[in-house]
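Data first, discussion second: the structure below is written as structure tokens.
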Amino acid sequence: MTDAATNMRLKLPITCFILQIILIILFGAVVKYDHETDAKAWHNMTESGHSNYDNDFYYRYPSFQDVHVMIFVGFGFLMTFLQRYGFSSVGFNFVIAALALQWATLMQGFLHGLHGGKIEIGVESMINADFCTGSVLISFGAVLGKTSPVQLLIMAMFEVTLFAVNEFILLSALGAKDAGGSMTIHTFGAYFGLMVTRILYRPNLDKSKHKNSSVYHSDLFAMIGTLYLWMFWPSFNSAITAHGDDQHRTALNTYYSLAACTLSTYAMSSLTAHDGKLDMVHIQNAALAGGVAAGTAGEMMLTPFGSMIVGFLAGIISVLGFKYLSPILEEKLKIQDTCGVHNLHGMPGVLGAIVGAVTAALATRDIYGDGLKDVFPDVAKGDVEASFQGVRQAISLAVTLGIALLGGLIVGFILKLPVFGAPPDTLCFEDDVYWEVSATKCCNV
Amino acid sequence: MTDAATNMRLKLPITCFILQIILIILFGAVVKYDHETDAKAWHNMTESGHSNYDNDFYYRYPSFQDVHVMIFVGFGFLMTFLQRYGFSSVGFNFVIAALALQWATLMQGFLHGLHGGKIEIGVESMINADFCTGSVLISFGAVLGKTSPVQLLIMAMFEVTLFAVNEFILLSALGAKDAGGSMTIHTFGAYFGLMVTRILYRPNLDKSKHKNSSVYHSDLFAMIGTLYLWMFWPSFNSAITAHGDDQHRTALNTYYSLAACTLSTYAMSSLTAHDGKLDMVHIQNAALAGGVAAGTAGEMMLTPFGSMIVGFLAGIISVLGFKYLSPILEEKLKIQDTCGVHNLHGMPGVLGAIVGAVTAALATRDIYGDGLKDVFPDVAKGDVEASFQGVRQAISLAVTLGIALLGGLIVGFILKLPVFGAPPDTLCFEDDVYWEVSATKCCNV
Amino acid sequence: MTDAATNMRLKLPITCFILQIILIILFGAVVKYDHETDAKAWHNMTESGHSNYDNDFYYRYPSFQDVHVMIFVGFGFLMTFLQRYGFSSVGFNFVIAALALQWATLMQGFLHGLHGGKIEIGVESMINADFCTGSVLISFGAVLGKTSPVQLLIMAMFEVTLFAVNEFILLSALGAKDAGGSMTIHTFGAYFGLMVTRILYRPNLDKSKHKNSSVYHSDLFAMIGTLYLWMFWPSFNSAITAHGDDQHRTALNTYYSLAACTLSTYAMSSLTAHDGKLDMVHIQNAALAGGVAAGTAGEMMLTPFGSMIVGFLAGIISVLGFKYLSPILEEKLKIQDTCGVHNLHGMPGVLGAIVGAVTAALATRDIYGDGLKDVFPDVAKGDVEASFQGVRQAISLAVTLGIALLGGLIVGFILKLPVFGAPPDTLCFEDDVYWEVSATKCCNV
């Protein structure tokens, strides 16, 4: 089933080898251990009073591992819902992520500030690299089934770069807060991916329509992805917040946001079906929207009450998106969004950004006490008013949308180059194009 | 395949929306961050000498996440062994748990003591809420395949309430110890669920008998659930014990109890089959009984030796229960226990309670040193003798059985109301009643 | 399908019961809590200034749980790739591991040094026991599908014993460093298993050839195993290194080694296929070689750059091994290596040992500062030169290979005894010999 165009025998190895060798060289040139990872530097610190439990590893590594599971198992298995695309969903997710996290280390390192000309890395940079990777995987969801692995690796390189630029503008230049990445990760990844899939529009995709659906067991595999994303989202949103109450509060807010979101998702899924039957697509995706929507405000004093309202709304919006908006986007705007990332990451990301802006604008020292300096350092220092922090957050959303859409536009056109070996319309959503698939059918099992 | 009675289009959304909105309102009225989650309160503490690593988040959050995985993936996938009920097993588990953890936060908060009229929440309350949820999911296992999602949500609300009352009586009024919940979680959940399924007895359930069994891959999915429960049970039992040696010892005791239980489970499974072949039902369930049975005494100075004996016995009892007792319960007592929760949670829970009572009665200051105040504070203070602590534990078991059975009786009759849309006898153990199921069969995979 | 020889009804229960009862008796006789798990001992320490967060539980338990997942889910599901051997892969993995970790506690305890005639246990000994278990599971991979559960339990007992002896020689007698076990775990487990499978050579194994392959969903189940091994390998390699920078650095080195390995694996998998299609066998296995190869040097100042080179080479070697070396080993040397453990653990383990020797030889106080005493205590004390530490590491590799091959030879002959109930050539790779398998085929799902 492979013809010359989609044969990866040269394209994929060359792409992987060149990119990996460049990465190794760049790592050799500019990357070093940070002061908590370096033997000499850390022991100099412990001699001057630090204890081993002060090492950031103990504050963040458990959260890092949860995030890591979300990236590789969560995103990977969430996309296995397609009946004949499980190898590609998990397998391309795997290789894209392995590339993106390396490149992200470099891009984020350059932009977050060099130390004597070097990028210093440790557990926090690993989490940030995984976060950036998550954004790429969201975009992957939009183009799932319609792209070659080479296209995906190229997309990852460009998207990581743009992600780092956008993140730098938001967090460093604009002074916005976005610990769980409602804007930097979800909104950016979703709208970038939606624009790419728009540019890669396939008018004859209905030739593969019979494969663009699930079977019984593929939906169960996808639920593995869903549940790991759902369970570990509190770790995701709290992974890089300040130590102490900030990590604690963010995890708690996200926990309740997700719980409320799950209830509203089940309600809406049943309500919007003429026979009241639950739809696995909604359960697999919309129930997660509460995590996305708590990505910006989760570290703030949102209160459990506020978190639950946010999650409740996110679930409703997300199911409505799957049910009514996605078909319109495909028919009218020619946006073929395989996984519905607009409903899981796009709209809930925008909701999260807005909630973050409002919550920031309402911050007072009376509520935060001395904790204000952890959440809103510029407000605590008196440099800006809380209301202006809210404006910063709103501007950040606009910037993110702009960079994502413009970036997706350019990258989409790059990915259209025929050299990358995209599958023909008849072979979309089909593992057999890029994978050795056993001839044995499951019936003999 | 849906008729009017089982159509969930109005019933499920109304139930979910009303319950969730009530929860949001109550959270708004009475729930606040505790002093380790609140920005102001925590920073007041750090200024008076606390360090960030004193925050309970760092002591308990990794355990919380392990418990969380057990609740959503462990219980959810354990029940996917049925050939046509995987969506419901994972999906109803998901929504019940998301509801129960919210309601549990309130019920446990009310009963554990208000702070200025408010319920204060943090990582420990999240763990307790997940624990209570676990109890509901055990009961779900007893009625699996025979109930509508609305019935399950109603059951969850009542059961959480009764759980919190029972827990309050045991831990606060009686001063019993039950960190891993042999009594509060497992015994309570099992006997409550057994009584509910007794009341919901279906004399014609054999009409669905061909669906009440596993297929090859459904058994593999179930093993995902089994293994996550097994691996993380040390975290479950140690999640809310005192800091330091208590958490450490509890995890270790549970680890060895489970290992010994696994060996005796394999031995008994083979021994009780006429051709010596292992039975997946035993492996999936009985191998976990060692965790249940170490739930009360795990935090005590049970010794690895004692833990292994407990686990060894639990595995034997559990397999014997599956093999010989369950058929009797169904035929004689009309208890249709789909997952065999009596064998995994009921009998091993009672065993765990007894072991806990005996171990408590044998406690001495010579063995525990100053650690006595963490495990048995009343004994350490000299308020009671160790032997009386053992009596308290035994009374607690009796109270738990009483409340579980009586509560299950009442709730069972409530759930019999026809309005909740239970499936007919011919459509039990069948996803298609409540879920959109793809027409595509797996043979084309 | 079971005849008298493979009927486990007496053999398996007797083996399990006798071994477990012996273990319980030995634990009762010689095992006690260590000073961080024992109530009295720990409270004596806290009174003399220790705080609860000094308890090793908080430094190591999250890593322990990650390792635990690798052992039970990682190894277990990795081997479910076979179409008809999923129950055995997960289920035998489960029981072998549960036995091995208990026996390993004793063997390692004896050899690591008794305390007043007793073995003291805690979280570190639990990690070490899981590590030793991992080695047994690697050997299981070599003989997968061709052995009875009784053979596997017997093999586990012998292998654990030899593992502990080899580990003692390397770490205590020779003073080698091998935190992540490139030598002690991977090289040992692989070459031991390869020798066992050589001795158990079946000239007529082609009678089961049609079952010695995967189906679509079995490959997806295997990817669950792969990803958990991949994600948690940083925890594996860092689980027992020194606190602080050591754990931090080891996790980071492993993370980048694995990422680079993944890219080179995809490149090589595509390059070595005539149609450029990716092979699931390579992705499932070779992508993990970077973790194996970073097992010795991961805790050293390998630098991210060095780690990536190691991972990059490991992926290449591993795919080449699967593609070209495994068929030769089978045809010429009669080594039937079901899972290709030579390619995933054998060669990458040797590579890791060599990298470790070289990195050790290059260690200087200038690079490590005072951290030298954590990584190379003998070099820090001035007892040996760094170059001699490198020699020690190289000798350790040779010793490991010798003990593994000799041990595998002897144990292989023991396992050939007909009493253990090995399956006939026609029924290899078939669950039905040892498991109740539902008659229902998946087609009705």
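Residues in the structure tokens are named by chain (A, B, ... in the order shown) and by number from 1 within that chain; ligands are numbered from 1 in the order shown.
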May I have a table of the residues of chain A lying at most 6 Å from chain C, giving each one's closest pair of atoms and their distance in Å to one decimal, counting only C-alpha atoms, ordered by chain and ascending residue number, as CSV?
residue,atom,partner,partner_atom,distance
A:Asn7,CA,C:Gly276,CA,5.6
A:Met8,CA,C:Gly276,CA,4.8
A:Arg9,CA,C:Gly276,CA,3.6
A:Pro13,CA,C:Ala267,CA,3.9
A:Cys16,CA,C:Ala267,CA,5.7
A:Ile24,CA,C:Phe305,CA,6.0
A:Phe27,CA,C:Phe305,CA,5.4
A:Gly28,CA,C:Phe305,CA,4.8
A:Glu36,CA,C:Asp245,CA,5.5
A:Thr37,CA,C:Asp245,CA,4.6
A:Ala39,CA,C:Gly371,CA,4.8
A:Lys40,CA,C:Gly369,CA,4.1
A:His43,CA,C:Asp370,CA,5.8
A:Asn52,CA,C:Gly244,CA,4.7
A:Asn55,CA,C:Gly244,CA,5.8
A:Phe57,CA,C:His248,CA,5.7
A:Ala98,CA,C:Ala259,CA,4.7
A:Tyr434,CA,C:Lys277,CA,4.9
A:Trp435,CA,C:Leu278,CA,4.6
A:Glu436,CA,C:Asp279,CA,5.4
A:Ser438,CA,C:Val215,CA,5.9
A:Thr440,CA,C:Val215,CA,6.0
A:Cys443,CA,C:Cys443,CA,5.8
Go ahead and write the selection's residues with N, CA and C atoms as an mmCIF file, in the first residue's frame.
data_model
loop_
_atom_site.group_PDB
_atom_site.id
_atom_site.type_symbol
_atom_site.label_atom_id
_atom_site.label_comp_id
_atom_site.auth_asym_id
_atom_site.auth_seq_id
_atom_site.Cartn_x
_atom_site.Cartn_y
_atom_site.Cartn_z
ATOM 1 N N ASN A 7 6.673 6.577 0.686
ATOM 2 C CA ASN A 7 7.751 5.735 1.212
ATOM 3 C C ASN A 7 8.699 6.589 2.046
ATOM 4 N N MET A 8 8.859 6.188 3.297
ATOM 5 C CA MET A 8 9.619 6.993 4.254
ATOM 6 C C MET A 8 11.072 6.535 4.361
ATOM 7 N N ARG A 9 11.484 5.574 3.538
ATOM 8 C CA ARG A 9 12.774 4.933 3.796
ATOM 9 C C ARG A 9 13.951 5.899 3.825
ATOM 10 N N PRO A 13 14.419 8.682 7.942
ATOM 11 C CA PRO A 13 15.751 8.590 8.576
ATOM 12 C C PRO A 13 16.573 9.862 8.418
ATOM 13 N N CYS A 16 15.173 12.516 10.819
ATOM 14 C CA CYS A 16 15.487 12.209 12.223
ATOM 15 C C CYS A 16 16.969 12.382 12.509
ATOM 16 N N ILE A 24 22.219 17.364 19.164
ATOM 17 C CA ILE A 24 23.351 16.927 19.987
ATOM 18 C C ILE A 24 24.463 17.967 19.952
ATOM 19 N N PHE A 27 23.394 21.009 21.936
ATOM 20 C CA PHE A 27 23.455 20.709 23.373
ATOM 21 C C PHE A 27 24.909 20.726 23.851
ATOM 22 N N GLY A 28 25.800 20.150 23.038
ATOM 23 C CA GLY A 28 27.210 20.157 23.413
ATOM 24 C C GLY A 28 27.754 21.563 23.506
ATOM 25 N N GLU A 36 21.447 23.077 40.641
ATOM 26 C CA GLU A 36 20.873 22.021 41.481
ATOM 27 C C GLU A 36 21.104 20.637 40.876
ATOM 28 N N THR A 37 21.667 20.599 39.688
ATOM 29 C CA THR A 37 21.907 19.343 38.989
ATOM 30 C C THR A 37 23.398 19.066 38.894
ATOM 31 N N ALA A 39 27.110 18.614 40.176
ATOM 32 C CA ALA A 39 27.682 18.083 41.419
ATOM 33 C C ALA A 39 28.421 19.161 42.201
ATOM 34 N N LYS A 40 29.275 19.884 41.519
ATOM 35 C CA LYS A 40 30.099 20.881 42.204
ATOM 36 C C LYS A 40 29.250 22.041 42.724
ATOM 37 N N HIS A 43 26.979 21.083 45.685
ATOM 38 C CA HIS A 43 27.703 20.858 46.943
ATOM 39 C C HIS A 43 28.271 22.152 47.509
ATOM 40 N N ASN A 52 19.671 18.975 51.317
ATOM 41 C CA ASN A 52 19.301 18.267 50.103
ATOM 42 C C ASN A 52 17.816 18.404 49.781
ATOM 43 N N ASN A 55 16.559 20.960 47.324
ATOM 44 C CA ASN A 55 16.746 20.789 45.882
ATOM 45 C C ASN A 55 15.383 20.723 45.188
ATOM 46 N N PHE A 57 14.343 19.346 42.817
ATOM 47 C CA PHE A 57 13.937 17.998 42.406
ATOM 48 C C PHE A 57 12.817 17.476 43.284
ATOM 49 N N ALA A 98 9.464 13.253 21.576
ATOM 50 C CA ALA A 98 10.888 13.084 21.885
ATOM 51 C C ALA A 98 11.724 14.146 21.186
ATOM 52 N N TYR A 434 2.380 3.822 6.835
ATOM 53 C CA TYR A 434 3.690 4.100 7.424
ATOM 54 C C TYR A 434 4.183 3.007 8.375
ATOM 55 N N TRP A 435 3.387 1.995 8.618
ATOM 56 C CA TRP A 435 3.737 0.973 9.595
ATOM 57 C C TRP A 435 3.604 -0.419 8.993
ATOM 58 N N GLU A 436 4.482 -1.309 9.405
ATOM 59 C CA GLU A 436 4.279 -2.731 9.163
ATOM 60 C C GLU A 436 3.085 -3.165 9.998
ATOM 61 N N SER A 438 0.592 -6.288 10.932
ATOM 62 C CA SER A 438 0.414 -7.738 10.825
ATOM 63 C C SER A 438 -0.794 -8.069 9.959
ATOM 64 N N THR A 440 -2.428 -10.754 10.186
ATOM 65 C CA THR A 440 -3.372 -11.476 11.033
ATOM 66 C C THR A 440 -4.463 -10.542 11.526
ATOM 67 N N CYS A 443 -9.628 -11.698 14.555
ATOM 68 C CA CYS A 443 -10.654 -12.730 14.748
ATOM 69 C C CYS A 443 -10.094 -14.052 15.249
#
* **Within 8 Å of B:His186 using only C-alpha atoms, minus same-chain residues under 6 positions, as a ChimeraX atom specification** => /B:135,138,292,345-346,349
* Asked: Given the choices C:Glu120, C:Asp56, C:Asp34, C:Glu167, which gets closest to C:Ser396 if the distance is worked out from only C-alpha atoms?
  ->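 The shortest atom-to-atom distance to C:Ser396 comes from C:Glu167.
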* Tell me which of C:Leu162, C:Ala173, C:Ile119, C:Leu229 sits closest to C:Phe72, counting only C-alpha atoms. => C:Leu229
* Asked: Between B:Thr426, B:Gln336, B:Thr105, B:Thr254, which is the closest to B:Gly141 once you count only C-alpha atoms?
  ->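 Comparing B:Thr426, B:Gln336, B:Thr105, B:Thr254 against B:Gly141, the winner is B:Gln336.
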* Given the choices A:Gly382, A:Pro348, A:Gly298, A:Pro149, which gets closest to A:Ala179 if the distance is worked out from only C-alpha atoms? ->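 Among the listed residues, A:Gly298 lies closest to A:Ala179.
Between atom CA of A:Gly86 and atom CA of A:Gly145 the separation is 10.1 Å.
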* **Residue set, stretch 245-326 of chain A restricted to alpha helix (DSSP H), as number ranges by chain** => A: 245-271, 280-285, 289-293, 303-320, 326
